[in-house]
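Undergrad: Structure: coords.tsv, TSV, C-alpha atoms.
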chain	number	residue	atom	x	y	z
D	1	MET	CA	72.97	306.77	66.97
D	2	GLY	CA	69.78	308.26	68.24
D	3	GLU	CA	67.56	311.12	67.42
D	4	ARG	CA	65.32	313.35	69.51
D	5	GLU	CA	63.32	316.24	68.16
D	6	GLY	CA	65.74	318.87	67.00
D	7	VAL	CA	68.71	316.97	68.27
D	8	THR	CA	70.83	314.56	66.40
D	9	THR	CA	73.44	312.51	68.13
D	10	THR	CA	76.17	310.70	66.42
D	11	LEU	CA	78.68	308.23	67.57
D	12	SER	CA	82.27	309.14	67.01
D	13	PRO	CA	84.64	306.34	66.35
D	14	GLY	CA	86.73	305.43	69.38
D	15	ARG	CA	89.82	303.40	69.86
D	16	LEU	CA	89.28	299.91	71.15
D	17	ASP	CA	92.41	298.12	72.21
D	18	LEU	CA	91.99	294.39	72.00
D	19	PRO	CA	94.70	292.15	73.45
D	20	GLU	CA	96.90	290.43	70.97
D	21	ILE	CA	96.17	286.75	70.60
D	22	GLY	CA	99.38	285.93	72.46
D	23	GLU	CA	98.66	288.35	75.31
D	24	GLU	CA	95.14	287.02	75.80
D	25	ALA	CA	96.39	283.46	75.86
D	26	ASP	CA	98.99	284.45	78.44
D	27	LEU	CA	96.36	286.07	80.68
D	28	LEU	CA	94.32	282.86	80.61
D	29	ARG	CA	97.23	280.61	81.57
D	30	PRO	CA	96.69	279.27	85.06
D	31	TRP	CA	99.18	279.66	87.85
D	32	GLN	CA	100.93	276.66	89.33
D	33	VAL	CA	101.89	276.29	92.96
D	34	VAL	CA	105.28	274.58	93.24
D	35	VAL	CA	106.59	273.01	96.44
D	36	TRP	CA	110.36	272.74	96.69
D	37	ASN	CA	112.46	270.24	98.59
D	38	ASP	CA	114.14	271.33	101.80
D	39	PRO	CA	116.44	269.50	104.20
D	40	VAL	CA	114.31	269.94	107.29
D	41	ASN	CA	110.63	269.16	106.79
D	42	LEU	CA	109.68	265.56	107.44
D	43	MET	CA	108.25	263.37	104.72
D	44	SER	CA	105.33	262.32	106.91
D	45	TYR	CA	104.58	265.97	107.64
D	46	VAL	CA	104.64	266.94	103.97
D	47	VAL	CA	102.22	264.11	103.15
D	48	TRP	CA	99.92	265.29	105.93
D	49	VAL	CA	100.07	268.88	104.63
D	50	PHE	CA	99.12	267.83	101.11
D	51	ARG	CA	96.20	265.77	102.42
D	52	SER	CA	95.10	268.40	104.91
D	53	LEU	CA	95.25	271.40	102.60
D	54	PHE	CA	94.24	269.93	99.27
D	55	GLY	CA	92.31	266.80	100.17
D	56	TYR	CA	94.54	264.46	98.21
D	57	PRO	CA	94.12	260.74	98.93
D	58	LEU	CA	97.05	259.25	100.77
D	59	PRO	CA	98.63	257.61	97.68
D	60	GLU	CA	98.55	260.88	95.69
D	61	ALA	CA	99.83	262.94	98.61
D	62	THR	CA	102.65	260.43	99.02
D	63	ARG	CA	103.43	260.51	95.29
D	64	LEU	CA	103.69	264.30	95.32
D	65	MET	CA	105.89	264.22	98.41
D	66	LEU	CA	108.22	261.72	96.79
D	67	GLN	CA	108.37	263.85	93.66
D	68	VAL	CA	109.44	266.81	95.79
D	69	HIS	CA	111.96	264.61	97.58
D	70	HIS	CA	113.51	262.98	94.51
D	71	GLU	CA	113.11	265.64	91.82
D	72	GLY	CA	113.45	268.71	94.00
D	73	ARG	CA	110.01	270.15	93.24
D	74	ALA	CA	106.41	269.27	92.41
D	75	VAL	CA	103.37	271.16	91.19
D	76	VAL	CA	100.75	270.62	93.87
D	77	THR	CA	97.86	272.81	92.67
D	78	SER	CA	97.03	275.22	89.90
D	79	GLY	CA	94.37	277.78	89.07
D	80	PRO	CA	93.70	281.51	88.87
D	81	LEU	CA	96.23	283.76	90.54
D	82	GLU	CA	94.05	284.53	93.56
D	83	LYS	CA	93.50	280.85	94.36
D	84	ALA	CA	97.12	279.99	93.69
D	85	GLU	CA	98.33	282.78	96.00
D	86	LEU	CA	96.00	281.55	98.75
D	87	ASP	CA	97.33	278.01	98.36
D	88	CYS	CA	100.89	279.34	98.41
D	89	TYR	CA	100.16	281.30	101.57
D	90	ARG	CA	98.71	278.22	103.26
D	91	LEU	CA	101.84	276.24	102.40
D	92	HIS	CA	104.04	279.00	103.81
D	93	HIS	CA	101.94	278.91	106.97
D	94	HIS	CA	102.83	275.22	107.17
D	95	GLY	CA	106.52	275.95	106.75
D	96	LEU	CA	106.85	274.63	103.22
D	97	TRP	CA	108.86	276.46	100.57
D	98	ALA	CA	106.30	277.18	97.84
D	99	THR	CA	106.42	279.48	94.85
D	100	LEU	CA	104.13	280.51	92.02
D	101	GLU	CA	104.72	280.25	88.29
D	102	ARG	CA	102.71	280.37	85.11
D	103	ALA	CA	101.66	276.99	83.73
J	1	MET	CA	109.46	259.15	123.75
J	2	PRO	CA	106.12	261.01	123.70
J	3	GLY	CA	103.12	259.00	122.68
J	4	PHE	CA	99.77	259.84	121.21
J	5	ARG	CA	96.68	257.77	122.02
J	6	CYS	CA	93.55	258.28	120.00
J	7	ARG	CA	90.38	258.52	122.05
J	8	GLY	CA	87.58	259.13	119.60
J	9	PRO	CA	88.09	262.58	118.06
J	10	GLU	CA	90.64	263.52	120.72
J	11	ILE	CA	94.27	262.54	121.08
J	12	ASP	CA	95.66	262.01	124.56
J	13	LEU	CA	99.27	262.94	125.21
J	14	ASP	CA	101.38	260.44	127.09
J	15	LEU	CA	104.19	262.75	128.19
J	16	SER	CA	106.60	262.84	131.06
J	17	VAL	CA	107.27	266.10	132.90
J	18	ALA	CA	110.65	266.34	131.17
J	19	GLU	CA	109.11	265.81	127.76
J	20	VAL	CA	106.54	268.55	128.38
J	21	GLU	CA	109.36	270.91	129.36
J	22	LEU	CA	111.35	270.08	126.26
J	23	LEU	CA	108.38	270.48	123.94
J	24	ALA	CA	107.57	273.78	125.61
J	25	LEU	CA	110.98	275.05	124.45
J	26	ALA	CA	109.55	275.36	120.95
J	27	LEU	CA	107.71	278.52	121.97
J	28	PRO	CA	110.55	280.72	123.30
J	29	LEU	CA	112.62	279.47	120.39
J	30	LEU	CA	110.06	280.85	117.96
J	31	GLU	CA	109.56	284.07	119.87
J	32	ALA	CA	113.28	284.75	119.63
J	33	ALA	CA	113.57	283.89	115.93
J	34	PRO	CA	114.93	286.71	113.76
J	35	PRO	CA	112.47	288.20	111.21
J	36	GLY	CA	114.32	286.67	108.29
J	37	ASP	CA	115.26	287.98	104.88
J	38	PRO	CA	112.87	287.43	101.95
J	39	GLY	CA	115.70	286.97	99.51
J	40	ASP	CA	115.70	284.73	96.48
J	41	PRO	CA	116.59	281.04	96.86
J	42	PRO	CA	117.81	279.53	98.99
J	43	PRO	CA	114.89	280.81	101.08
J	44	ARG	CA	115.49	281.79	104.63
J	45	TYR	CA	112.90	280.81	107.15
J	46	PRO	CA	110.51	282.39	108.02
J	47	CYS	CA	110.34	284.38	104.78
J	48	PHE	CA	109.47	282.35	101.72
J	49	ARG	CA	109.05	284.26	98.46
J	50	ALA	CA	105.93	283.41	96.46
J	51	HIS	CA	107.03	285.28	93.34
J	52	PRO	CA	110.79	284.76	92.95
J	53	GLY	CA	112.27	287.23	90.53
J	54	ASP	CA	109.21	289.53	90.55
J	55	ASP	CA	109.67	292.13	93.26
J	56	GLU	CA	106.45	293.96	92.47
J	57	ALA	CA	104.27	290.87	92.66
J	58	GLU	CA	106.11	289.76	95.79
J	59	ALA	CA	105.53	293.11	97.48
J	60	ARG	CA	101.83	292.87	96.67
J	61	PHE	CA	101.69	289.29	97.99
J	62	ARG	CA	103.38	290.34	101.24
J	63	ASP	CA	101.06	293.29	101.68
J	64	LEU	CA	98.14	290.90	101.45
J	65	THR	CA	99.48	288.09	103.61
J	66	ALA	CA	102.07	289.29	106.13
J	67	GLY	CA	99.56	290.27	108.82
J	68	SER	CA	97.57	287.08	108.40
J	69	LEU	CA	100.66	284.91	108.57
J	70	GLN	CA	101.77	286.52	111.80
J	71	ALA	CA	98.29	286.15	113.28
J	72	ASP	CA	97.95	282.53	112.19
J	73	ARG	CA	101.33	281.60	113.62
J	74	GLY	CA	100.45	283.33	116.88
J	75	ALA	CA	97.17	281.42	117.09
J	76	ASP	CA	99.02	278.13	116.48
J	77	ARG	CA	101.47	278.85	119.28
J	78	ARG	CA	98.67	279.66	121.73
J	79	ARG	CA	96.88	276.42	120.83
J	80	TYR	CA	100.12	274.50	121.21
J	81	ALA	CA	100.78	275.93	124.66
J	82	ALA	CA	97.23	275.38	125.87
J	83	SER	CA	96.95	271.80	124.64
J	84	LEU	CA	100.43	270.93	125.94
J	85	GLU	CA	99.29	272.03	129.38
J	86	ARG	CA	95.92	270.31	129.05
J	87	GLY	CA	97.33	267.01	127.84
J	88	THR	CA	94.83	266.40	125.04
J	89	LEU	CA	94.59	267.44	121.42
J	90	GLY	CA	91.53	268.09	119.31
J	91	ALA	CA	91.79	268.12	115.53
J	92	GLU	CA	92.69	271.81	115.34
J	93	ASP	CA	95.19	271.41	118.17
J	94	ALA	CA	96.93	268.56	116.38
J	95	ALA	CA	97.23	270.63	113.21
J	96	ALA	CA	98.65	273.53	115.24
J	97	TRP	CA	101.14	271.17	116.88
J	98	LEU	CA	102.43	270.02	113.54
J	99	ARG	CA	102.81	273.58	112.28
J	100	VAL	CA	104.53	274.78	115.46
J	101	LEU	CA	106.92	271.84	115.50
J	102	ALA	CA	107.69	272.35	111.80
J	103	GLU	CA	108.31	276.02	112.40
J	104	ALA	CA	110.48	275.27	115.45
J	105	ARG	CA	112.54	272.77	113.46
J	106	LEU	CA	113.05	275.25	110.64
J	107	SER	CA	114.08	277.96	113.07
J	108	LEU	CA	116.44	275.67	114.96
J	109	ALA	CA	117.93	274.24	111.79
J	110	GLU	CA	118.53	277.76	110.50
J	111	ARG	CA	120.42	278.65	113.67
J	112	LEU	CA	122.40	275.41	113.71
J	113	GLY	CA	123.23	275.52	110.01
J	114	VAL	CA	121.60	272.16	109.29
J	115	ALA	CA	122.13	271.52	105.60
J	116	THR	CA	121.30	267.86	105.15
J	117	VAL	CA	118.54	265.58	106.36
J	118	GLY	CA	119.59	263.29	109.15
J	119	CYS	CA	122.57	265.24	110.32
J	120	GLU	CA	120.68	265.93	113.50
J	121	ASP	CA	121.31	262.29	114.40
J	122	ALA	CA	125.07	262.57	113.97
J	123	SER	CA	125.99	264.95	116.76
J	124	PRO	CA	125.23	264.92	120.49
J	125	SER	CA	124.84	268.70	120.70
J	126	PRO	CA	121.79	269.91	122.68
J	127	GLY	CA	120.48	271.89	119.73
J	128	LEU	CA	120.57	268.95	117.37
J	129	ALA	CA	119.09	266.69	120.05
J	130	LEU	CA	116.18	269.11	120.41
J	131	LEU	CA	115.80	269.21	116.62
J	132	ALA	CA	115.64	265.42	116.61
J	133	LEU	CA	113.09	265.37	119.46
J	134	PHE	CA	110.79	267.83	117.68
J	135	GLY	CA	111.14	265.69	114.58
J	136	SER	CA	110.29	262.46	116.35
J	137	VAL	CA	107.21	263.95	117.98
J	138	ALA	CA	106.02	265.52	114.73
J	139	ASP	CA	106.63	262.31	112.82
J	140	GLU	CA	104.64	260.27	115.32
J	141	LEU	CA	101.78	262.77	115.39
J	142	ALA	CA	101.64	262.97	111.57
J	143	ALA	CA	101.58	259.18	111.36
J	144	THR	CA	98.77	259.10	113.93
J	145	LEU	CA	96.72	261.58	111.90
J	146	LEU	CA	97.38	259.89	108.57
J	147	HIS	CA	96.24	256.45	109.69
Will you turn the file into structure tokens for me?

TA:
Amino acid sequence: MGEREGVTTTLSPGRLDLPEIGEEADLLRPWQVVVWNDPVNLMSYVVWVFRSLFGYPLPEATRLMLQVHHEGRAVVTSGPLEKAELDCYRLHHHGLWATLERA
Amino acid sequence: MPGFRCRGPEIDLDLSVAEVELLALALPLLEAAPPGDPGDPPPRYPCFRAHPGDDEAEARFRDLTAGSLQADRGADRRRYAASLERGTLGAEDAAAWLRVLAEARLSLAERLGVATVGCEDASPSPGLALLALFGSVADELAATLLH
């Protein structure tokens, strides 16, 4: 509210839509990048991709590769949607089947 | 069998004329690959869906990435061809080799209907032999880079 000489301004109430607690929590959930097993890509290649793209030490890259191999999938990175989509794109560029899902 | 010899930051290729010719087959194979169908699983190379079950998000993802993916793959193939002719690989060349060979194997496996790992060793067909060769070279190069 403010006043100038001869002029009075008032604020009129407006509608402010706040997200529901559940919606806000959902928007904050990070995205996970999932790599899926396939019958063609080599295990050594997959390990190299994980090290090359994400900087994982060799034991961790190997662990993730084996998880993909034995369990069919593994979460390899997570984060905001933009980062996750970039990581997914890079995996596609390397010929790996990768998808995105909410954590 | 092709060999890779590390020489500082470079990798020298120890290839016969026949091996160079066979490895060069990866490029026309990829140029002739069909565009693929971005359907839901099982994915069909070369189209992997990032957002399965969400067509709107997938369309947005493809709008953002399709041009870049095509450009990146083209750059890899040019690097592959140039370094194959030159006989040495730098770090970026080696990475391109691995991506090209992976892509070539996926394309070839798609055409041959390869459904299980290792079946390329079971048949003497030329296509499966080529798939096995690409695999052996990629495996050896990946091992060289990892150690």

Undergrad: For Val49 (chain D), find every residue with an atom within 12 Å (counting all atoms listed in the file), except residues of its own chain fewer than 5 positions away, and show them as an MDAnalysis selection string.

TA: (chainID D and resid 35 41:44 54:58 61:62 64:65 76 87 90:96) or (chainID J and resid 95:96 98:99 102 142:143 145:146)

Undergrad: Near chain D, which residues of chain J fall within 8 Å when you count only C-alpha atoms, and what do they look like as number ranges by chain?

TA: J: 43, 46, 48-52, 61, 65, 69, 72-73, 98-99, 102-103, 105-106, 109, 114-117, 135, 138-139, 142-143, 145-146

Undergrad: For the atom pair CA of Leu89 (chain J) and CA of Asp12 (chain J), what is the interatomic distance in Å to one decimal place?

TA: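 Distance between the two atoms: 6.4 Å.
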
Undergrad: For CA of Val75 (chain D) and CA of Pro59 (chain D), determine how far apart the two atoms are, in Å to one decimal place.

TA: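 For CA of Val75 (chain D) relative to CA of Pro59 (chain D), the distance reads 15.8 Å.
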
Undergrad: To one decimal place in Å, what is the distance between CA of Pro9 (chain J) and CA of Gly90 (chain J)?

TA: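 Calculated distance between CA of Pro9 (chain J) and CA of Gly90 (chain J) is 6.6 Å.
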
Undergrad: Considering only C-alpha atoms, state which residue in the set D:Gly79, D:Glu60, D:Val68, D:Leu53 is at the smallest distance from Gln32 (chain D).

TA: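 The closest residue to Gln32 (chain D) is D:Gly79.
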
Undergrad: Using only C-alpha atoms, find all polymer residues with an atom at most 10 Å away from the point (106.5, 270.3, 124.6); report them as a ChimeraX atom specification.

TA: /J:2,15-27,80-81,83-85,97,101,133-134,137
